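Okay, entry08.tsv is below, TSV, C-alpha atoms:
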```tsv
chain	number	residue	atom	x	y	z
G	1	MET	CA	-82.68	-91.04	29.46
G	2	ASN	CA	-79.61	-89.82	31.35
G	3	VAL	CA	-78.22	-90.79	34.71
G	4	VAL	CA	-76.22	-88.81	37.25
G	5	GLY	CA	-74.85	-90.05	40.55
G	6	ALA	CA	-72.65	-89.18	43.51
G	7	ASP	CA	-71.15	-90.72	46.65
G	8	PHE	CA	-74.16	-89.44	48.61
G	9	LEU	CA	-77.66	-88.54	47.50
G	10	LEU	CA	-79.87	-86.40	49.77
G	11	VAL	CA	-83.42	-87.35	48.81
G	12	CYS	CA	-84.84	-84.50	50.92
G	13	ASP	CA	-88.02	-86.20	52.07
G	14	GLU	CA	-89.73	-86.24	55.48
G	15	ALA	CA	-87.51	-89.11	56.63
G	16	PHE	CA	-84.41	-87.30	55.34
G	17	SER	CA	-83.25	-90.38	53.41
G	18	ILE	CA	-79.63	-90.56	52.26
G	19	VAL	CA	-78.55	-92.98	49.52
G	20	GLU	CA	-74.86	-93.94	49.28
G	21	LYS	CA	-73.47	-94.21	45.76
G	22	GLY	CA	-76.90	-93.15	44.60
G	23	GLY	CA	-78.14	-91.89	41.30
G	24	ILE	CA	-81.14	-90.56	39.43
G	25	LEU	CA	-82.38	-91.58	36.00
G	26	TYR	CA	-84.05	-88.62	34.33
G	27	ASP	CA	-85.19	-86.90	31.15
G	28	LYS	CA	-86.04	-83.24	30.50
G	29	ASP	CA	-89.46	-83.55	32.13
G	30	SER	CA	-89.02	-85.61	35.28
G	31	ILE	CA	-87.00	-87.95	37.44
G	32	LEU	CA	-87.71	-91.47	36.17
G	33	GLU	CA	-86.06	-93.52	38.90
G	34	VAL	CA	-83.88	-93.12	42.00
G	35	GLY	CA	-81.54	-95.75	43.43
G	36	ASP	CA	-78.14	-97.36	43.10
G	37	TYR	CA	-76.06	-95.57	40.47
G	38	GLU	CA	-74.58	-98.71	38.88
G	39	CYS	CA	-78.01	-100.27	38.43
G	40	LEU	CA	-79.44	-97.11	36.91
G	41	ALA	CA	-76.44	-96.65	34.62
G	42	LYS	CA	-77.35	-99.94	32.90
G	43	LYS	CA	-80.76	-98.48	31.99
G	44	ALA	CA	-79.54	-95.11	30.72
G	45	LYS	CA	-79.46	-94.52	26.97
G	46	GLY	CA	-77.90	-91.06	27.17
G	47	GLU	CA	-75.27	-89.35	29.32
G	48	LYS	CA	-73.88	-91.18	32.35
G	49	LYS	CA	-72.05	-89.05	34.90
G	50	TYR	CA	-70.80	-89.99	38.37
G	51	TYR	CA	-69.43	-87.32	40.71
G	52	LYS	CA	-66.92	-88.78	43.17
G	53	ASP	CA	-66.51	-87.04	46.55
G	54	CYS	CA	-69.76	-85.18	45.93
G	55	VAL	CA	-73.27	-84.91	47.34
G	56	LEU	CA	-76.29	-84.82	45.05
G	57	THR	CA	-79.29	-82.78	46.26
G	58	PRO	CA	-82.41	-81.26	44.77
G	59	ALA	CA	-81.74	-77.82	43.30
G	60	LEU	CA	-82.26	-75.30	46.10
G	61	ALA	CA	-85.21	-72.91	46.29
G	62	ASN	CA	-84.82	-69.27	47.36
G	63	LEU	CA	-88.46	-68.27	47.58
G	64	HIS	CA	-88.16	-64.67	48.74
G	65	LEU	CA	-85.82	-62.15	47.14
G	66	HIS	CA	-85.98	-58.64	45.68
G	67	LEU	CA	-83.69	-58.77	42.66
G	68	GLU	CA	-84.48	-55.14	41.78
G	69	PHE	CA	-82.47	-53.97	44.81
G	70	SER	CA	-79.27	-55.65	43.64
G	71	GLN	CA	-77.35	-52.36	43.44
G	72	ASN	CA	-77.44	-51.71	47.16
G	73	GLN	CA	-74.04	-51.69	48.80
G	74	GLY	CA	-73.68	-49.29	51.70
G	75	ILE	CA	-76.57	-47.09	50.58
G	76	LEU	CA	-79.22	-48.13	53.10
G	77	LYS	CA	-79.31	-47.87	56.90
G	78	TYR	CA	-79.58	-50.87	59.22
G	79	GLY	CA	-80.23	-51.42	62.91
G	80	SER	CA	-83.97	-50.72	62.92
G	81	PHE	CA	-86.80	-51.29	60.49
G	82	GLU	CA	-87.83	-47.65	60.70
G	83	ALA	CA	-84.40	-46.24	59.75
G	84	TRP	CA	-84.11	-48.78	56.96
G	85	LEU	CA	-87.54	-48.02	55.43
G	86	ASN	CA	-86.84	-44.28	55.50
G	87	SER	CA	-83.55	-44.85	53.70
G	88	VAL	CA	-85.22	-47.05	51.05
G	89	ILE	CA	-87.74	-44.32	50.21
G	90	GLU	CA	-85.10	-41.59	50.17
G	91	ASN	CA	-82.65	-43.55	47.98
G	92	ARG	CA	-85.07	-45.31	45.62
G	93	ASP	CA	-83.87	-43.48	42.50
G	94	ILE	CA	-80.24	-44.34	43.23
G	95	LEU	CA	-81.08	-47.99	43.82
G	96	MET	CA	-82.95	-48.21	40.51
G	97	GLY	CA	-80.15	-46.43	38.61
G	98	GLU	CA	-78.50	-47.05	35.26
G	99	ASN	CA	-76.40	-50.09	36.23
G	100	LEU	CA	-79.33	-52.10	37.58
G	101	GLN	CA	-79.45	-54.69	34.79
G	102	SER	CA	-75.79	-55.65	35.17
G	103	ALA	CA	-76.17	-55.81	38.96
G	104	MET	CA	-79.17	-58.13	38.63
G	105	GLN	CA	-77.33	-60.36	36.16
G	106	LYS	CA	-74.45	-60.67	38.61
G	107	GLU	CA	-76.81	-61.73	41.39
G	108	ILE	CA	-78.53	-64.29	39.17
G	109	GLN	CA	-75.14	-65.89	38.59
G	110	ARG	CA	-74.53	-65.86	42.35
G	111	LEU	CA	-77.86	-67.61	42.88
G	112	LEU	CA	-77.04	-70.30	40.34
G	113	LYS	CA	-73.56	-70.82	41.78
G	114	SER	CA	-75.07	-71.41	45.22
G	115	GLY	CA	-77.11	-74.29	43.81
G	116	VAL	CA	-80.39	-72.40	43.47
G	117	GLY	CA	-82.70	-73.56	40.69
G	118	PHE	CA	-85.98	-71.99	41.84
G	119	VAL	CA	-86.65	-68.44	43.04
G	120	GLY	CA	-89.59	-66.45	44.34
G	121	ALA	CA	-88.86	-62.97	42.96
G	122	ILE	CA	-90.79	-60.05	44.43
G	123	SER	CA	-91.04	-57.47	41.64
G	124	SER	CA	-92.05	-53.92	42.56
G	125	TYR	CA	-91.51	-52.27	39.18
G	126	GLY	CA	-91.04	-54.97	36.55
G	127	TYR	CA	-87.40	-54.06	35.91
G	128	ASP	CA	-86.40	-57.68	36.57
G	129	LEU	CA	-89.01	-59.29	34.28
G	130	GLU	CA	-87.01	-59.92	31.11
G	131	ILE	CA	-83.77	-60.85	32.82
G	132	LEU	CA	-85.48	-63.46	35.03
G	133	ALA	CA	-87.62	-64.87	32.22
G	134	GLN	CA	-84.51	-65.32	30.07
G	135	SER	CA	-82.43	-66.88	32.88
G	136	PRO	CA	-82.03	-70.63	33.42
G	137	LEU	CA	-83.87	-70.30	36.75
G	138	ARG	CA	-87.30	-71.66	37.51
G	139	VAL	CA	-89.14	-68.49	38.62
G	140	LEU	CA	-92.20	-67.65	40.70
G	141	TYR	CA	-92.61	-64.05	39.56
G	142	PHE	CA	-94.49	-62.15	42.27
G	143	ASN	CA	-95.92	-58.91	40.84
G	144	GLU	CA	-96.11	-56.74	43.94
G	145	VAL	CA	-99.05	-54.48	44.72
G	146	ILE	CA	-98.79	-51.53	47.09
G	147	GLY	CA	-101.06	-48.55	47.73
G	148	SER	CA	-102.69	-46.87	50.70
G	149	LYS	CA	-104.16	-43.55	49.47
G	150	PRO	CA	-107.83	-44.02	48.44
G	151	GLU	CA	-107.65	-41.51	45.59
G	152	MET	CA	-104.74	-43.43	43.99
G	153	LEU	CA	-106.11	-46.98	44.20
G	154	ASP	CA	-107.53	-47.19	40.68
G	155	ILE	CA	-104.30	-45.94	39.11
G	156	LEU	CA	-102.19	-48.31	41.22
G	157	PHE	CA	-104.43	-51.26	40.37
G	158	GLU	CA	-104.16	-50.48	36.65
G	159	ASN	CA	-100.37	-50.28	36.94
G	160	PHE	CA	-100.39	-53.66	38.68
G	161	LEU	CA	-102.54	-55.15	35.90
G	162	VAL	CA	-100.13	-53.91	33.22
G	163	ARG	CA	-97.17	-55.52	35.00
G	164	LEU	CA	-99.13	-58.71	35.64
G	165	LYS	CA	-100.15	-59.00	31.97
G	166	ALA	CA	-96.53	-58.53	30.89
G	167	SER	CA	-95.48	-61.43	33.13
G	168	GLU	CA	-98.34	-63.60	31.85
G	169	MET	CA	-97.10	-63.11	28.30
G	170	LEU	CA	-93.79	-64.69	29.32
G	171	GLN	CA	-95.34	-67.62	31.17
G	172	SER	CA	-93.63	-70.93	30.41
G	173	SER	CA	-92.80	-74.30	31.94
G	174	ARG	CA	-90.20	-72.49	34.08
G	175	PHE	CA	-91.71	-69.02	34.55
G	176	TYR	CA	-94.89	-68.66	36.62
G	177	PRO	CA	-96.73	-65.35	37.16
G	178	ALA	CA	-97.73	-64.73	40.79
G	179	VAL	CA	-98.93	-61.93	43.08
G	180	ALA	CA	-97.34	-60.27	46.12
G	181	ILE	CA	-99.18	-58.10	48.63
G	182	HIS	CA	-96.59	-55.71	50.05
G	183	SER	CA	-97.84	-55.66	53.67
G	184	PRO	CA	-100.91	-54.97	55.85
G	185	TYR	CA	-99.71	-51.43	56.59
G	186	SER	CA	-99.22	-50.46	52.94
G	187	VAL	CA	-102.11	-52.03	50.99
G	188	HIS	CA	-105.60	-50.55	51.31
G	189	SER	CA	-108.38	-53.06	52.05
G	190	VAL	CA	-110.21	-52.18	48.80
G	191	LEU	CA	-107.07	-52.81	46.76
G	192	LEU	CA	-106.37	-56.03	48.62
G	193	GLN	CA	-109.81	-57.42	47.88
G	194	LYS	CA	-109.58	-56.63	44.16
G	195	VAL	CA	-106.16	-58.27	43.90
G	196	LEU	CA	-107.14	-61.36	45.91
G	197	THR	CA	-110.25	-61.85	43.78
G	198	LEU	CA	-108.10	-61.76	40.65
G	199	ALA	CA	-105.43	-64.04	42.11
G	200	THR	CA	-108.02	-66.62	43.17
G	201	ALA	CA	-109.70	-66.60	39.76
G	202	LYS	CA	-106.36	-67.25	38.02
G	203	ASN	CA	-104.90	-69.52	40.72
G	204	PHE	CA	-101.86	-67.30	41.20
G	205	PRO	CA	-99.48	-68.04	44.10
G	206	LEU	CA	-99.50	-65.33	46.78
G	207	SER	CA	-96.81	-63.80	48.99
G	208	VAL	CA	-97.01	-61.13	51.69
G	209	HIS	CA	-94.59	-59.42	54.10
G	210	PHE	CA	-96.14	-59.89	57.53
G	211	LEU	CA	-95.32	-58.58	61.02
G	212	GLU	CA	-91.70	-57.87	60.14
G	213	SER	CA	-91.28	-55.20	62.81
G	214	LYS	CA	-92.52	-54.00	66.18
G	215	ALA	CA	-93.61	-50.79	64.45
G	216	GLU	CA	-95.95	-52.75	62.19
G	217	ARG	CA	-97.54	-54.56	65.10
G	218	GLU	CA	-97.97	-51.33	67.08
G	219	TRP	CA	-99.65	-49.70	64.09
G	220	LEU	CA	-102.05	-52.56	63.44
G	221	THR	CA	-103.04	-52.97	67.09
G	222	ASN	CA	-102.96	-49.38	68.42
G	223	ALA	CA	-102.76	-47.05	65.37
G	224	LYS	CA	-99.72	-45.46	67.00
G	225	GLY	CA	-95.97	-45.19	66.67
G	226	TYR	CA	-93.71	-44.93	63.66
G	227	PHE	CA	-96.33	-45.46	60.96
G	228	LEU	CA	-98.54	-42.69	62.29
G	229	GLU	CA	-95.74	-40.23	61.49
G	230	PHE	CA	-94.63	-42.18	58.40
G	231	PHE	CA	-97.88	-41.46	56.54
G	232	LYS	CA	-97.77	-37.80	57.53
G	233	LYS	CA	-94.17	-37.41	56.42
G	234	TYR	CA	-94.22	-39.26	53.11
G	235	PHE	CA	-97.90	-39.09	52.09
G	236	GLN	CA	-98.99	-35.81	53.76
G	237	THR	CA	-102.03	-37.49	55.25
G	238	SER	CA	-103.34	-39.11	58.41
G	239	MET	CA	-104.19	-42.79	58.19
G	240	LEU	CA	-105.83	-45.47	60.26
G	241	PRO	CA	-104.99	-49.18	59.96
G	242	PHE	CA	-106.91	-50.94	57.21
G	243	TYR	CA	-107.29	-54.22	59.16
G	244	THR	CA	-106.93	-55.97	62.44
G	245	ILE	CA	-104.21	-58.59	62.40
G	246	SER	CA	-106.72	-61.44	62.59
G	247	ASP	CA	-108.83	-60.00	59.75
G	248	PHE	CA	-105.77	-59.68	57.55
G	249	ILE	CA	-104.75	-63.30	58.13
G	250	GLN	CA	-108.30	-64.44	57.46
G	251	ALA	CA	-108.30	-62.68	54.08
G	252	PHE	CA	-105.70	-65.23	52.91
G	253	GLU	CA	-107.45	-68.30	54.30
G	254	GLY	CA	-107.34	-71.25	51.93
G	255	ARG	CA	-105.09	-69.48	49.43
G	256	GLY	CA	-101.78	-71.19	50.30
G	257	ALA	CA	-100.02	-67.86	50.72
G	258	TYR	CA	-96.39	-67.39	51.76
G	259	PHE	CA	-96.21	-65.21	54.90
G	260	VAL	CA	-92.71	-63.73	54.97
G	261	HIS	CA	-90.90	-62.89	58.25
G	262	CYS	CA	-93.66	-63.22	60.93
G	263	LEU	CA	-91.15	-62.02	63.56
G	264	GLU	CA	-93.79	-60.39	65.75
G	265	ALA	CA	-96.50	-63.02	65.26
G	266	THR	CA	-98.01	-64.65	68.35
G	267	LYS	CA	-98.71	-68.35	68.81
G	268	GLU	CA	-102.38	-67.74	68.00
G	269	GLU	CA	-101.55	-65.85	64.83
G	270	LEU	CA	-99.13	-68.52	63.63
G	271	GLU	CA	-101.79	-71.13	64.36
G	272	SER	CA	-104.24	-69.13	62.26
G	273	ILE	CA	-101.76	-68.95	59.36
G	274	LYS	CA	-101.21	-72.69	59.59
G	275	LYS	CA	-104.93	-73.46	59.83
G	276	GLY	CA	-105.62	-71.31	56.75
G	277	GLY	CA	-103.05	-73.19	54.67
G	278	GLY	CA	-100.41	-70.48	54.81
G	279	LYS	CA	-96.66	-71.06	54.80
G	280	VAL	CA	-93.91	-69.18	56.65
G	281	ILE	CA	-90.67	-67.93	55.07
G	282	SER	CA	-87.77	-66.76	57.26
G	283	CYS	CA	-84.92	-64.50	56.09
G	284	VAL	CA	-82.51	-64.59	59.03
G	285	ARG	CA	-79.79	-62.18	57.87
G	286	SER	CA	-82.39	-59.63	56.79
G	287	ASN	CA	-84.22	-59.97	60.10
G	288	ARG	CA	-81.01	-59.41	62.06
G	289	LEU	CA	-80.23	-56.22	60.14
G	290	LEU	CA	-83.73	-54.72	60.33
G	291	ASN	CA	-85.24	-56.01	63.57
G	292	ASN	CA	-82.54	-57.77	65.64
G	293	ARG	CA	-84.89	-60.70	66.04
G	294	LEU	CA	-85.30	-64.25	64.73
G	295	LEU	CA	-88.41	-66.19	63.82
G	296	ASP	CA	-89.51	-68.44	66.71
G	297	LEU	CA	-88.44	-71.63	64.96
G	298	ASP	CA	-89.21	-73.87	67.93
G	299	LEU	CA	-92.79	-72.57	68.08
G	300	CYS	CA	-93.26	-73.03	64.34
G	301	LEU	CA	-92.13	-76.64	64.49
G	302	LYS	CA	-94.35	-77.37	67.50
G	303	LEU	CA	-97.31	-75.95	65.56
G	304	GLY	CA	-96.52	-78.13	62.56
G	305	ILE	CA	-95.30	-75.24	60.40
G	306	SER	CA	-92.56	-76.36	58.01
G	307	PRO	CA	-90.17	-73.37	57.83
G	308	ILE	CA	-88.88	-72.16	54.48
G	309	PHE	CA	-85.60	-70.19	54.37
G	310	ALA	CA	-84.67	-67.44	51.90
G	311	THR	CA	-82.21	-64.57	51.53
G	312	ASP	CA	-84.52	-61.57	50.98
G	313	GLY	CA	-82.95	-58.97	48.64
G	314	LYS	CA	-79.71	-57.02	48.80
G	315	SER	CA	-81.74	-54.17	50.25
G	316	SER	CA	-81.47	-56.08	53.54
G	317	ASN	CA	-78.66	-58.57	52.95
G	318	GLU	CA	-75.08	-58.42	51.71
G	319	SER	CA	-75.52	-61.25	49.17
G	320	LEU	CA	-78.07	-63.60	47.64
G	321	SER	CA	-76.02	-66.75	48.31
G	322	LEU	CA	-78.44	-69.22	49.86
G	323	LEU	CA	-75.52	-71.33	51.13
G	324	ASP	CA	-74.21	-68.33	53.07
G	325	GLU	CA	-77.71	-67.79	54.47
G	326	LEU	CA	-78.00	-71.37	55.71
G	327	ARG	CA	-74.62	-71.25	57.44
G	328	ILE	CA	-75.67	-68.13	59.34
G	329	VAL	CA	-78.95	-69.78	60.35
G	330	LEU	CA	-77.02	-72.81	61.59
G	331	TYR	CA	-75.09	-70.59	64.00
G	332	ALA	CA	-78.00	-68.30	64.88
G	333	TYR	CA	-80.22	-70.97	66.44
G	334	SER	CA	-77.63	-72.06	68.97
G	335	TYR	CA	-80.03	-74.02	71.17
G	336	TYR	CA	-80.71	-76.63	68.47
G	337	ASN	CA	-78.86	-79.90	67.99
G	338	LEU	CA	-76.53	-79.23	65.07
G	339	GLU	CA	-77.35	-82.33	63.05
G	340	GLU	CA	-81.10	-82.00	63.48
G	341	LEU	CA	-81.02	-78.30	62.59
G	342	ALA	CA	-78.93	-79.05	59.48
G	343	LYS	CA	-81.67	-81.39	58.25
G	344	ILE	CA	-84.37	-78.78	58.92
G	345	LEU	CA	-82.38	-76.22	56.95
G	346	TRP	CA	-81.90	-78.46	53.92
G	347	LEU	CA	-85.59	-79.32	53.90
G	348	GLY	CA	-86.38	-75.60	54.29
G	349	VAL	CA	-84.80	-74.82	50.92
G	350	THR	CA	-85.94	-77.98	49.13
G	351	TYR	CA	-88.89	-80.15	50.20
G	352	TYR	CA	-90.70	-77.59	52.38
G	353	ALA	CA	-90.38	-74.92	49.68
G	354	PHE	CA	-92.52	-77.03	47.34
G	355	LYS	CA	-94.80	-78.71	49.87
G	356	ASP	CA	-98.52	-78.16	49.12
G	357	ASN	CA	-97.78	-75.37	46.64
G	358	VAL	CA	-100.66	-73.79	44.72
G	359	LEU	CA	-99.20	-74.71	41.31
G	360	LYS	CA	-98.86	-78.39	42.30
G	361	LEU	CA	-95.20	-78.37	41.24
G	362	GLN	CA	-93.53	-81.64	42.19
G	363	GLY	CA	-90.10	-80.44	43.22
G	364	GLY	CA	-87.65	-80.10	46.07
G	365	SER	CA	-87.10	-83.83	46.44
G	366	LEU	CA	-85.26	-86.49	44.46
G	367	LYS	CA	-88.20	-88.81	43.85
G	368	GLN	CA	-89.71	-90.53	40.86
G	369	GLY	CA	-92.02	-88.17	38.98
G	370	TYR	CA	-90.48	-85.02	40.45
G	371	LEU	CA	-88.84	-82.17	38.54
G	372	PRO	CA	-85.34	-83.00	37.21
G	373	ASP	CA	-83.73	-80.05	39.02
G	374	PHE	CA	-80.67	-80.98	41.08
G	375	ALA	CA	-77.32	-79.71	42.33
G	376	LEU	CA	-73.98	-81.30	43.11
G	377	PHE	CA	-71.65	-80.17	45.87
G	378	GLU	CA	-68.07	-81.32	46.38
G	379	LEU	CA	-67.35	-82.73	49.83
G	380	GLN	CA	-64.05	-84.59	49.87
G	381	GLY	CA	-63.25	-87.18	52.49
G	382	VAL	CA	-66.47	-86.79	54.49
G	383	ARG	CA	-68.42	-89.93	55.34
G	384	GLU	CA	-70.45	-88.87	58.40
G	385	GLN	CA	-72.79	-86.00	59.36
G	386	ILE	CA	-73.34	-85.33	55.66
G	387	PRO	CA	-76.08	-82.63	55.98
G	388	LEU	CA	-74.10	-80.71	58.61
G	389	GLN	CA	-70.72	-80.98	56.87
G	390	LEU	CA	-72.30	-79.91	53.61
G	391	LEU	CA	-73.66	-76.74	55.21
G	392	LEU	CA	-70.28	-75.94	56.73
G	393	TYR	CA	-68.04	-76.51	53.74
G	394	ALA	CA	-70.04	-76.14	50.51
G	395	LYS	CA	-69.33	-72.58	49.38
G	396	GLU	CA	-70.81	-73.09	45.91
G	397	ALA	CA	-72.23	-75.85	43.74
G	398	LYS	CA	-69.96	-77.92	41.54
G	399	SER	CA	-72.73	-78.44	39.00
G	400	LEU	CA	-76.41	-77.49	38.58
G	401	TYR	CA	-79.15	-79.02	36.42
G	402	ILE	CA	-82.55	-77.41	35.75
G	403	SER	CA	-85.21	-79.21	33.69
G	404	GLY	CA	-82.65	-81.96	33.16
G	405	LYS	CA	-80.24	-79.57	31.46
G	406	LYS	CA	-76.79	-78.82	32.86
G	407	VAL	CA	-76.53	-75.09	33.64
G	408	PHE	CA	-72.83	-75.30	34.52
```
Let's see the structure in the file written out as structure tokens.
Amino acid sequence: MNVVGADFLLVCDEAFSIVEKGGILYDKDSILEVGDYECLAKKAKGEKKYYKDCVLTPALANLHLHLEFSQNQGILKYGSFEAWLNSVIENRDILMGENLQSAMQKEIQRLLKSGVGFVGAISSYGYDLEILAQSPLRVLYFNEVIGSKPEMLDILFENFLVRLKASEMLQSSRFYPAVAIHSPYSVHSVLLQKVLTLATAKNFPLSVHFLESKAEREWLTNAKGYFLEFFKKYFQTSMLPFYTISDFIQAFEGRGAYFVHCLEATKEELESIKKGGGKVISCVRSNRLLNNRLLDLDLCLKLGISPIFATDGKSSNESLSLLDELRIVLYAYSYYNLEELAKILWLGVTYYAFKDNVLKLQGGSLKQGYLPDFALFELQGVREQIPLQLLLYAKEAKSLYISGKKVF
């Protein structure tokens, strides 16, 4: 049993409890006790470490990122979703080029340095499989399925199964296979049903990009606009939408899926996601670059949706630092009280990220019985507004522990 403590401990619970001179007693499997550091230090039989002028938090969770796009720097176009998607398709080979592994390794180190211990990695090709499985990170590995042409569905499903099996072979106490549906405009209804049936049978977590752009909404509701020409240009075929918006949401009912972006979702659609047990992930910097719009945070909170915050990939962001992301979000929602928003943001990358998850992982909070994943951030001389000041001044973690083991 080891103990670690700091001047302030952010429990990251619904009450947003803060313990002064707090500590946690832990082993490699779980947190054994939380409380006063000096009291816990008397019970510890192993390492005792107190971090002065620091804040102790749960390790952060970045539940939506595309590590495979880590080479992007000035290659893709921003300002509209349509221009961006065209540039992704036209530059795919460059983005997946020979230096991809070193670029991904660099971004994993950036994630760890920003205090991230848990990621939701959307994998389109499987290029990131080994490097994530061998990293210190706790990983939800979302094997992504995509496919709209009926004559290609069997081949695409088989490819998905091969990638899924490869991830299952690496499953461990820190690496969890999962399934991602690319989007309602890009996944045929037949393919969706086959994948959802499999995911339900194996209790895989689910993620889906949803209503990220005006173009997507126009396509799903009117079968017009950008995507009408998109399918003609890139697939040499005419298409009709595979679903109504309501039917697509209903397909995920009761599955605890992560709906990512939801920028164009109405109140009724968000209510339907909430009612069906879905969760909402927001990627603010990505949304600014591709759609010039933010998730309606006020509406989500009024509907009882606990927002989760993530970086997305470098295809639509300049870095994977979750601390940088949170600072931008703090400024972006200018109508919120700063201190209250700071608490929402910390919960959105800790407690909310684990709340009611399909795998029943007990994480994102410093409580007895929870995962021993935690981060320490230096914050000298600060004694008030701890959550806010931490967002403003913590540029990287001082130390990070995952599964009770010090990563750095």
> Any idea what's packed within 10 Å of Lys224 (chain G), counting only C-alpha atoms, ignoring anything in its chain fewer than 6 positions away? Could you give it as number ranges by chain?
Replying inline: G: 215-218, 240-241
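Note that CA of Ala223 (chain G) and CA of Val208 (chain G) are 20.5 Å apart.
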> Which value, in Å to one decimal, gives the distance between CA of Ile245 (chain G) and CA of Glu271 (chain G)?
Replying inline: 12.9 Å
> Quick one: residues within 12 Å of region 152-162 of chain G, all atoms listed in the file counted, chain neighbours fewer than 3 positions away excluded, as number ranges by chain?
Replying inline: G: 123-126, 142-149, 165-169, 177-181, 186-196, 198-199, 235
Restrict the selected residues to C-alpha atoms and save them as a PDB file, in the coordinates of the input.
```
ATOM      1  CA  SER G 123     -91.040 -57.470  41.640  1.00  0.00           C
ATOM      2  CA  SER G 124     -92.050 -53.920  42.560  1.00  0.00           C
ATOM      3  CA  TYR G 125     -91.510 -52.270  39.180  1.00  0.00           C
ATOM      4  CA  GLY G 126     -91.040 -54.970  36.550  1.00  0.00           C
ATOM      5  CA  PHE G 142     -94.490 -62.150  42.270  1.00  0.00           C
ATOM      6  CA  ASN G 143     -95.920 -58.910  40.840  1.00  0.00           C
ATOM      7  CA  GLU G 144     -96.110 -56.740  43.940  1.00  0.00           C
ATOM      8  CA  VAL G 145     -99.050 -54.480  44.720  1.00  0.00           C
ATOM      9  CA  ILE G 146     -98.790 -51.530  47.090  1.00  0.00           C
ATOM     10  CA  GLY G 147    -101.060 -48.550  47.730  1.00  0.00           C
ATOM     11  CA  SER G 148    -102.690 -46.870  50.700  1.00  0.00           C
ATOM     12  CA  LYS G 149    -104.160 -43.550  49.470  1.00  0.00           C
ATOM     13  CA  LYS G 165    -100.150 -59.000  31.970  1.00  0.00           C
ATOM     14  CA  ALA G 166     -96.530 -58.530  30.890  1.00  0.00           C
ATOM     15  CA  SER G 167     -95.480 -61.430  33.130  1.00  0.00           C
ATOM     16  CA  GLU G 168     -98.340 -63.600  31.850  1.00  0.00           C
ATOM     17  CA  MET G 169     -97.100 -63.110  28.300  1.00  0.00           C
ATOM     18  CA  PRO G 177     -96.730 -65.350  37.160  1.00  0.00           C
ATOM     19  CA  ALA G 178     -97.730 -64.730  40.790  1.00  0.00           C
ATOM     20  CA  VAL G 179     -98.930 -61.930  43.080  1.00  0.00           C
ATOM     21  CA  ALA G 180     -97.340 -60.270  46.120  1.00  0.00           C
ATOM     22  CA  ILE G 181     -99.180 -58.100  48.630  1.00  0.00           C
ATOM     23  CA  SER G 186     -99.220 -50.460  52.940  1.00  0.00           C
ATOM     24  CA  VAL G 187    -102.110 -52.030  50.990  1.00  0.00           C
ATOM     25  CA  HIS G 188    -105.600 -50.550  51.310  1.00  0.00           C
ATOM     26  CA  SER G 189    -108.380 -53.060  52.050  1.00  0.00           C
ATOM     27  CA  VAL G 190    -110.210 -52.180  48.800  1.00  0.00           C
ATOM     28  CA  LEU G 191    -107.070 -52.810  46.760  1.00  0.00           C
ATOM     29  CA  LEU G 192    -106.370 -56.030  48.620  1.00  0.00           C
ATOM     30  CA  GLN G 193    -109.810 -57.420  47.880  1.00  0.00           C
ATOM     31  CA  LYS G 194    -109.580 -56.630  44.160  1.00  0.00           C
ATOM     32  CA  VAL G 195    -106.160 -58.270  43.900  1.00  0.00           C
ATOM     33  CA  LEU G 196    -107.140 -61.360  45.910  1.00  0.00           C
ATOM     34  CA  LEU G 198    -108.100 -61.760  40.650  1.00  0.00           C
ATOM     35  CA  ALA G 199    -105.430 -64.040  42.110  1.00  0.00           C
ATOM     36  CA  PHE G 235     -97.900 -39.090  52.090  1.00  0.00           C
TER      37      PHE G 235
END
```
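For Leu361 (chain G), the residues within 10 Å (counting only C-alpha atoms, excluding itself and residues fewer than 4 positions away along the chain) are Phe354, Lys355, Asp356, Asn357, Tyr370 and Leu371 of chain G.
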>> Would you compute the distance between CA of Phe252 (chain G) and CA of Ile308 (chain G)? Give it in Å to one decimal.
In response: 18.3 Å
>> With all atoms listed in the file as the counted atoms, please give the residues lying no more than 9 Å from region 289-302 of chain G, apart from itself and same-chain residues fewer than 3 positions off, as a VMD selection string.
In response: chain G and resid 77 to 84 212 to 214 261 to 265 267 270 to 271 280 282 to 286 305 to 307 316 to 317 332 to 333 336
> What's the 12 Å shell around Arg383 (chain G), counting all atoms listed in the file, without same-chain residues fewer than 5 positions away, as a list of chain:residue names?
Replying inline: G:Asp7, G:Phe8, G:Ile18, G:Glu20, G:Lys21, G:Asp53, G:Cys54, G:Val55, G:Leu388, G:Gln389, G:Leu390
Store the residues picked out above in a file with C-alpha atoms, as a PDB file, in the frame of the given file.
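Full text of result_39.pdb as output:
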```
ATOM      1  CA  ASP G   7     -71.150 -90.720  46.650  1.00  0.00           C
ATOM      2  CA  PHE G   8     -74.160 -89.440  48.610  1.00  0.00           C
ATOM      3  CA  ILE G  18     -79.630 -90.560  52.260  1.00  0.00           C
ATOM      4  CA  GLU G  20     -74.860 -93.940  49.280  1.00  0.00           C
ATOM      5  CA  LYS G  21     -73.470 -94.210  45.760  1.00  0.00           C
ATOM      6  CA  ASP G  53     -66.510 -87.040  46.550  1.00  0.00           C
ATOM      7  CA  CYS G  54     -69.760 -85.180  45.930  1.00  0.00           C
ATOM      8  CA  VAL G  55     -73.270 -84.910  47.340  1.00  0.00           C
ATOM      9  CA  LEU G 388     -74.100 -80.710  58.610  1.00  0.00           C
ATOM     10  CA  GLN G 389     -70.720 -80.980  56.870  1.00  0.00           C
ATOM     11  CA  LEU G 390     -72.300 -79.910  53.610  1.00  0.00           C
TER      12      LEU G 390
END
```
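Considering the residues G:Ser246, G:Gly35, G:Leu228, G:Val260 and counting all atoms listed in the file, Gly276 (chain G) has its shortest atom-to-atom contact with G:Ser246.
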